[in-house]
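Participant: What follows is a structure written as structure tokens; I'll ask about it next.
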Amino acid sequence: MAPSHAMTGVLTGVAATFVAAPLLAPDLWTTATTAVLTAGAALLPDLDHPQATATRSQGPVSRAACTGVRALSARVWRATATPRDGGGWDADGTHRHLSHTVPAALLVGLVAGLVSLWWLGALLVAWLLASLALRGLFGRAARSWLAVSGVAAVVAALAVVVADLPAWWLGALVAVGMVTHVLGDALTPAGVPLLWPLARRGSRWWMVSTPFTLTTGTRGEKAVQVISGAGTVSLVLLLAA
């Protein structure tokens with residue numbers, strides 16, 4: 001669910017800052033904004049579901065994007081499926097298909113990085129990710145589009161103007177956040193097409209899931225959120241040391 005994806009995105013964002021510290025020389029603003037933006041990126045793959053937080057986030061605009069993503073995903077699935085592919089989560093190749101692959105994450109990250117080469121584009125990317133993060137982390141408390149957009153604008157300004165996050169880093173965060181989402185969905189029984197477009201035993205859309213799976217909305221998912229929060233705090237303390 002969205003809160004879990006957002007929390008794992010926060011953890012991944014802080015971890016990415018830790019790994020890239022020699023290149024970024026991160027301060028408080030860099031770490032904080034990176035965590036928020038990665039949390040937002042971790043919701044992007046579910047733009048292929050009509051009821052997802054990402055789909056509902058920007059009204060008609062995001063709903064239109066969802067329609068486009070689902071149509072593209074179904075078309076790619078039909079073009080690349082083998083006789084052994086039964087459709088996985090959705091038999092029509094929409095939800096948990098194209099947008100839940102590593103190549104898609106890399107491509108979207110590349111596009112976001114290129115858009116961010118222009119300062120206004122960087123602000124737009126950061127604003128979109130921040131608005132998604134707020135909705136994912138705060139749920140119903142973030143229902144007001146105007147309030148969320150205003151806070152997201154502040155976060156975007158902090159990321160682009162104060163923290164001065166480079167374009168390549170914004171693109172990397174989008175890709176990392178999306179991959180984090182995909183790995184999170186691999187914890188569920190339905191799995192994800194993690195190996196696409198590589199074929200395994202004649203199946204190109206083989207759904208990969210971990211040996212021990214979790215059902216959404218259960219204590220297991222709550223545990224993921226708690227572990228992500230604890231891991232985030234630990235990494236922040238390590239960065240500050």
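By order of appearance in the structure tokens: chains A, B, ..., then residues from 1 within every chain, and ligands from 1 in the order shown.
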Which residues, written as a PyMOL selection string, have at least one atom at most 12 Å from Thr55 in chain A, with only C-alpha atoms counted and residues fewer than 3 positions away on the same chain left out?
Facilitator: chain A and resi 2+43-52+58-70+132+135-136
Participant: Would you kindly return, as a PyMOL selection string, each protein, DNA or RNA residue with an atom no farther than 7 Å from any atom of range 115-129 of chain A, considering only C-alpha atoms and excluding same-chain residues fewer than 5 positions away?
Facilitator: chain A and resi 37+40-41+152-153+156-157+160+167
Participant: Can you spit out the residues from that selection as a CSV table (one decimal), in the first residue's frame, using all heavy atoms?
Facilitator:
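What follows is the written file part_20.csv:
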```
chain,number,residue,atom,x,y,z
A,37,LEU,N,11.7,13.0,-1.8
A,37,LEU,CA,11.5,12.8,-3.2
A,37,LEU,C,11.6,11.4,-3.6
A,37,LEU,O,10.8,10.9,-4.4
A,37,LEU,CB,12.6,13.6,-4.0
A,37,LEU,CG,12.6,15.1,-3.8
A,37,LEU,CD1,13.6,15.8,-4.8
A,37,LEU,CD2,11.3,15.7,-4.0
A,40,GLY,N,8.3,9.8,-2.8
A,40,GLY,CA,7.3,10.1,-3.9
A,40,GLY,C,7.5,9.2,-5.1
A,40,GLY,O,6.5,8.7,-5.7
A,41,ALA,N,8.8,9.0,-5.5
A,41,ALA,CA,9.1,8.2,-6.6
A,41,ALA,C,8.6,6.8,-6.4
A,41,ALA,O,8.3,6.0,-7.4
A,41,ALA,CB,10.6,8.3,-6.9
A,152,ALA,N,4.3,20.9,-1.1
A,152,ALA,CA,5.2,20.3,-2.0
A,152,ALA,C,6.1,21.4,-2.8
A,152,ALA,O,7.2,21.1,-3.1
A,152,ALA,CB,4.4,19.5,-3.1
A,153,ALA,N,5.5,22.5,-3.0
A,153,ALA,CA,6.2,23.6,-3.6
A,153,ALA,C,7.4,24.1,-2.8
A,153,ALA,O,8.5,24.4,-3.2
A,153,ALA,CB,5.3,24.8,-4.0
A,156,ALA,N,10.0,21.4,-3.0
A,156,ALA,CA,10.7,21.5,-4.2
A,156,ALA,C,11.7,22.6,-4.3
A,156,ALA,O,12.8,22.4,-4.8
A,156,ALA,CB,9.7,21.7,-5.4
A,157,ALA,N,11.3,23.7,-3.7
A,157,ALA,CA,12.3,24.9,-3.6
A,157,ALA,C,13.5,24.5,-2.7
A,157,ALA,O,14.6,24.9,-3.1
A,157,ALA,CB,11.6,26.1,-3.1
A,160,VAL,N,15.7,22.1,-4.9
A,160,VAL,CA,16.4,22.6,-6.1
A,160,VAL,C,17.2,23.8,-5.8
A,160,VAL,O,18.3,24.0,-6.4
A,160,VAL,CB,15.3,22.9,-7.2
A,160,VAL,CG1,16.0,23.5,-8.4
A,160,VAL,CG2,14.6,21.6,-7.6
A,167,ALA,N,20.7,17.6,-11.6
A,167,ALA,CA,19.7,16.9,-12.4
A,167,ALA,C,19.9,15.4,-12.4
A,167,ALA,O,18.9,14.6,-12.4
A,167,ALA,CB,19.8,17.5,-13.8
```
Participant: Taking only C-alpha atoms into account, name the residue in A:Leu28, A:Val76, A:Leu110, A:Leu134 that is nearest to Val174 in chain A.
Facilitator: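 Answer, going by the shortest atom-to-atom distance: A:Leu110.
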Participant: Find, counting only C-alpha atoms, the residue in A:Thr80, A:Ser234, A:Thr213, A:Ser144 that gets nearest to Ala199 in chain A.
Facilitator: A:Thr80
Participant: Give me, as a Markdown table, the closest atom pair and its distance (Å, one decimal) for every residue of range 116-218 of chain A within a cut-off of 12 Å of range 91-99 of chain A, counting only C-alpha atoms, rows sorted by chain and rising number.
Facilitator:
```
| residue | atom | partner | partner_atom | distance |
| --- | --- | --- | --- | --- |
| A:Ala175 | CA | A:Ser99 | CA | 11.3 |
| A:Met178 | CA | A:Ser99 | CA | 8.5 |
| A:Val179 | CA | A:Ser99 | CA | 9.9 |
| A:His181 | CA | A:Ser99 | CA | 10.1 |
| A:Val182 | CA | A:Arg96 | CA | 8.7 |
| A:Leu183 | CA | A:Arg96 | CA | 11.7 |
| A:Gly184 | CA | A:Arg96 | CA | 11.9 |
| A:Asp185 | CA | A:Arg96 | CA | 8.7 |
| A:Ala186 | CA | A:Arg96 | CA | 10.3 |
| A:Thr188 | CA | A:Arg96 | CA | 11.6 |
| A:Ala190 | CA | A:Arg96 | CA | 9.0 |
| A:Gly191 | CA | A:Arg96 | CA | 8.3 |
| A:Val192 | CA | A:Arg96 | CA | 6.2 |
| A:Pro193 | CA | A:His97 | CA | 6.5 |
| A:Leu194 | CA | A:His97 | CA | 9.4 |
| A:Leu195 | CA | A:His97 | CA | 11.2 |
| A:Trp196 | CA | A:Leu98 | CA | 8.7 |
| A:Pro197 | CA | A:Leu98 | CA | 9.8 |
| A:Arg204 | CA | A:His97 | CA | 11.0 |
| A:Trp205 | CA | A:His97 | CA | 7.8 |
| A:Trp206 | CA | A:His97 | CA | 10.1 |
| A:Met207 | CA | A:His97 | CA | 9.2 |
| A:Val208 | CA | A:Arg96 | CA | 11.2 |
```
Participant: Go ahead and write the residues just picked, C-alpha atoms, as a PDB file, in the first residue's frame.
Facilitator:
```
ATOM      1  CA  ALA A 175      14.736   5.308 -10.795  1.00  0.00           C
ATOM      2  CA  MET A 178      10.565   3.024  -8.599  1.00  0.00           C
ATOM      3  CA  VAL A 179      12.856   0.026  -8.146  1.00  0.00           C
ATOM      4  CA  HIS A 181       8.470  -0.039  -5.152  1.00  0.00           C
ATOM      5  CA  VAL A 182       9.015  -3.046  -7.407  1.00  0.00           C
ATOM      6  CA  LEU A 183      11.086  -4.845  -4.773  1.00  0.00           C
ATOM      7  CA  GLY A 184       8.410  -4.060  -2.191  1.00  0.00           C
ATOM      8  CA  ASP A 185       5.718  -5.642  -4.376  1.00  0.00           C
ATOM      9  CA  ALA A 186       7.921  -8.715  -4.685  1.00  0.00           C
ATOM     10  CA  THR A 188       3.484 -10.032  -1.944  1.00  0.00           C
ATOM     11  CA  ALA A 190       1.326 -11.899  -6.680  1.00  0.00           C
ATOM     12  CA  GLY A 191       4.927 -10.842  -7.292  1.00  0.00           C
ATOM     13  CA  VAL A 192       6.343  -8.634 -10.037  1.00  0.00           C
ATOM     14  CA  PRO A 193       7.986  -9.196 -13.450  1.00  0.00           C
ATOM     15  CA  LEU A 194      11.416  -8.465 -11.991  1.00  0.00           C
ATOM     16  CA  LEU A 195      13.368 -10.243 -14.734  1.00  0.00           C
ATOM     17  CA  TRP A 196      11.548  -8.742 -17.725  1.00  0.00           C
ATOM     18  CA  PRO A 197      12.438  -8.764 -20.604  1.00  0.00           C
ATOM     19  CA  ARG A 204       9.039 -13.412 -20.159  1.00  0.00           C
ATOM     20  CA  TRP A 205       6.494 -12.038 -17.665  1.00  0.00           C
ATOM     21  CA  TRP A 206       7.265 -14.498 -14.912  1.00  0.00           C
ATOM     22  CA  MET A 207       6.124 -13.011 -11.602  1.00  0.00           C
ATOM     23  CA  VAL A 208       8.905 -13.041  -9.019  1.00  0.00           C
TER      24      VAL A 208
END
```
Participant: Measuring between only C-alpha atoms, which one of A:Ala133, A:Ala104, A:Ala20, A:Leu214 shows the shortest distance to Ser73 in chain A?
Facilitator: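 Going through A:Ala133, A:Ala104, A:Ala20, A:Leu214 one by one, the smallest distance to Ser73 in chain A is for A:Ala104.
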Participant: Which residue is closest to Leu23 in chain A? Choose from A:Gly177, A:Gly139, A:Gly220, A:Pro166 and count only C-alpha atoms.
Facilitator: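 Closest to Leu23 in chain A, using only C-alpha atoms: A:Pro166.
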Participant: Write out as a VMD selection string the residues lying within 8 Å of Ser203 in chain A, counting only C-alpha atoms and excluding same-chain residues fewer than 4 positions away.
Facilitator: chain A and resid 81 to 85 199
Participant: Export, as a short mmCIF file (atom, residue, chain, number, x, y, z; two decimals), in the first residue's frame, the selected residues with N, CA, C and O atoms.
Facilitator:
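As written to disk, result_20.cif reads:
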```
data_model
loop_
_atom_site.label_atom_id
_atom_site.label_comp_id
_atom_site.auth_asym_id
_atom_site.auth_seq_id
_atom_site.Cartn_x
_atom_site.Cartn_y
_atom_site.Cartn_z
N ALA A 81 4.73 -11.01 -24.75
CA ALA A 81 4.33 -12.21 -24.00
C ALA A 81 4.58 -13.47 -24.82
O ALA A 81 4.50 -13.47 -26.05
N THR A 82 4.89 -14.52 -24.13
CA THR A 82 5.07 -15.83 -24.75
C THR A 82 3.85 -16.69 -24.44
O THR A 82 3.02 -16.33 -23.61
N PRO A 83 3.74 -17.85 -25.08
CA PRO A 83 2.60 -18.73 -24.78
C PRO A 83 2.54 -19.16 -23.31
O PRO A 83 1.47 -19.55 -22.82
N ARG A 84 3.65 -19.06 -22.59
CA ARG A 84 3.67 -19.44 -21.18
C ARG A 84 3.28 -18.30 -20.24
O ARG A 84 3.19 -18.49 -19.03
N ASP A 85 3.08 -17.11 -20.79
CA ASP A 85 2.70 -15.97 -19.96
C ASP A 85 1.18 -15.90 -19.83
O ASP A 85 0.48 -15.71 -20.82
N ALA A 199 13.73 -14.00 -20.43
CA ALA A 199 12.79 -15.12 -20.33
C ALA A 199 13.34 -16.18 -19.37
O ALA A 199 14.55 -16.41 -19.30
#
```
Participant: What gap, in Å, lies between CA of Leu239 in chain A and CA of Ala163 in chain A?
Facilitator: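 Spanning CA of Leu239 in chain A to CA of Ala163 in chain A is a straight-line distance of 16.1 Å.
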Participant: State, in Å with one decimal place, the distance from CA of Thr38 in chain A to CA of Gln225 in chain A.
Facilitator: 15.2 Å
Participant: Which residues come within 8 Å of Val10 in chain A, counting only C-alpha atoms, excluding same-chain residues fewer than 4 positions away, as a ChimeraX atom specification?
Facilitator: /A:6,14,35-36,38-39,228,232
Participant: Using DSSP secondary structure from the backbone, list all helix (DSSP H, G or I) positions within range 86-128 of chain A, as a PyMOL selection string.
Facilitator: chain A and resi 98-100+102-115+119-128
Participant: Would you work out the distance separating CA of Asp164 in chain A from CA of Leu235 in chain A, expressed in Å to one decimal?
Facilitator: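 Going from CA of Asp164 in chain A over to CA of Leu235 in chain A covers 21.6 Å.
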Participant: Restricting the calculation to only C-alpha atoms, which member of A:Leu165, A:Met7, A:Ala79, A:Leu238 is positioned closest to Ala25 in chain A?
Facilitator: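 Comparing A:Leu165, A:Met7, A:Ala79, A:Leu238 against Ala25 in chain A, the winner is A:Leu165.
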